[in-house]
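Undergrad: This is the structure I have questions about; it appears just below.
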Amino acid sequence: MLSEFQETLLQSVKAYQSTQLVKNKYENVLQHLDSGIMLFDCDGVLTFINVQMAKLLEMPRQSLIGCNLLQLLRHPHLNQFKKRKILRIYRETIFHRKKYHELIDEYGRHWLITVTYGDQMDGDFLLSVKDVSDFKRIEQTAYQNDKLAMLGKISAAIAHEIRNPLTAIRGFIQLLRPHLMQLGKDEYARIILTEIDRANDIIHEFLNSSKPSAPQKSTVNVSSLLKEVVLLTESEALMKGCQMILHEPSEELLVSIDVKQIKQVLLNIIKNAMDAIAEVGGDHQGVIDIRAEKEGKSVCISIQDNGGGMDKGLLSRLFDPFFTTKEKGTGLGLSVSYRIIRNHRGNISVDSLKGAGTIFTISLPLVS
Ligand SMILES: Nc1ncnc2c1ncn2[C@@H]1O[C@H](COP(=O)(O)OP(=O)(O)O)[C@@H](O)[C@H]1O
Ligand SMILES: [Mg+2]
């Protein structure tokens, strides 16, 4: 028979054990949450950090518990990049009292930082970090599509406005032609007419590719398409001191595409590669590497250059209509290319390293 005291003691032990079990369970949940979590007490000492947060910081979890911010910043395992980001978060949340902060890490992932403090936290300071890269990608695509729809409307309006005066000029030059002939200046009339026709062709081409119309598809072999594109650009590349290397696919790859449109995309990208190589200048030997490979039910066409490359800021604006860094650029090449590839139910992606070069990858569905 247990005494009353022993009974009370046993109940207390049981209650303590069950509280511990619940505590462990919740701690386990927090530890394995997909968001990173850090909890600082009112003295600024780190009292809790979960697995994901330690992974993000690339630091051993146990060595961080008990550190204050200063000790954390001086931690031998913390790299410079993260140190700068932590200081930035500190400034934004403590000085500017912002509850949310977004940042891009060294691997190009987007993170949403949320801080919670005040009465509800008993003086503690909770910092959580969530990977929002997927949401950002969707947001950017939606934004991109909006801009492209706008571009379609603007270009149609511009083309309409430019075509009319061109037609008038063409008509009057034809009327003037006999008089110019009498003056021995027929050559001038001929040049004006060819140049007007060329301007009309450019507008026509541009409208064709920027219009969201369905592509006029035919089945072609990727290898012959690439050979043709290389043939078209090789002489210009040679003049600019670039070597073009085509790695032909080992098997026959068939795609159903609007040949004119896809050629335009490839030419745009190759032209950009030549520009990027020319920008490096000096006696830099430019190389443009083109290859096609089968990847599941698609073909991946990659165009790699060893030009100047781009930084992250530039990369994020690359496909924006009218975005250009060139004095004589239009900033339309890539936005039009993006639309064409999307119209073909394909994808276009880019990877670049400042000072090293750039690789564009286009994937298109294979004919099954
Ligand atoms: N291969 C590349 N290497 C470096 N920068 C590039 C490359 N391709 C494109 N870019 C950058 O993207 C911008 C937009 O390209 P694009 O849409 O073709 O317009 P444009 O060539 O008229 O400037 C360029 O101005 C350039 O800064
Ligand atoms: Mg271009």
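Chain labels follow the order of the structure tokens: the first chain is A, the next B, and so on; residue numbering restarts at 1 in every chain, and ligands are counted from 1 in their shown order.
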Residues within 8 Å of ligand 1, counting only C-alpha atoms and all ligand atoms: report them as a ChimeraX atom specification.
TA: /A:268-277,304-305,307-310,314-315,317-326,328-336,352,357-360
Undergrad: Enumerate, as number ranges by chain, the complete set of residues in segment 159-347 of chain A that a backbone-based DSSP assignment places in alpha helix (DSSP H).
TA: A: 159-182, 186-210, 222-239, 259-280, 312-317, 333-343
Undergrad: Name all residues at most 10 Å from segment 259-267 of chain A (count only C-alpha atoms; drop same-chain ones fewer than 6 positions away) and give them as JSON, numbers by chain.
TA: {"A": [205, 208, 209, 210, 215, 216, 217, 218, 219, 220, 225, 226, 228, 229, 230, 232, 233, 273, 301, 302, 303, 333, 334, 335, 336, 337, 338, 339, 340, 341, 344, 360, 362]}
Undergrad: Excluding Asp124 of chain A and its own-chain neighbours fewer than 2 positions away, which residues fall within 9 Å of it when counting only C-alpha atoms? Please give them as a list in words.
TA: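 Skipping anything fewer than 2 positions along the chain leaves Leu39, Phe40, Asp41, Cys42, Asp43, Gly44, Thr116, Tyr117, Gly118, Asp119, Gln120, Met121, Asp122 and Leu126 of chain A.
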Undergrad: If we count only C-alpha atoms, what is near Tyr188 of chain A at a cut-off of 10 Å, once residues fewer than 6 positions away on the same chain are taken out, given as a list in words?
TA: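 Everything that qualifies: Ile173, Arg177, Leu180 and Met181 of chain A.
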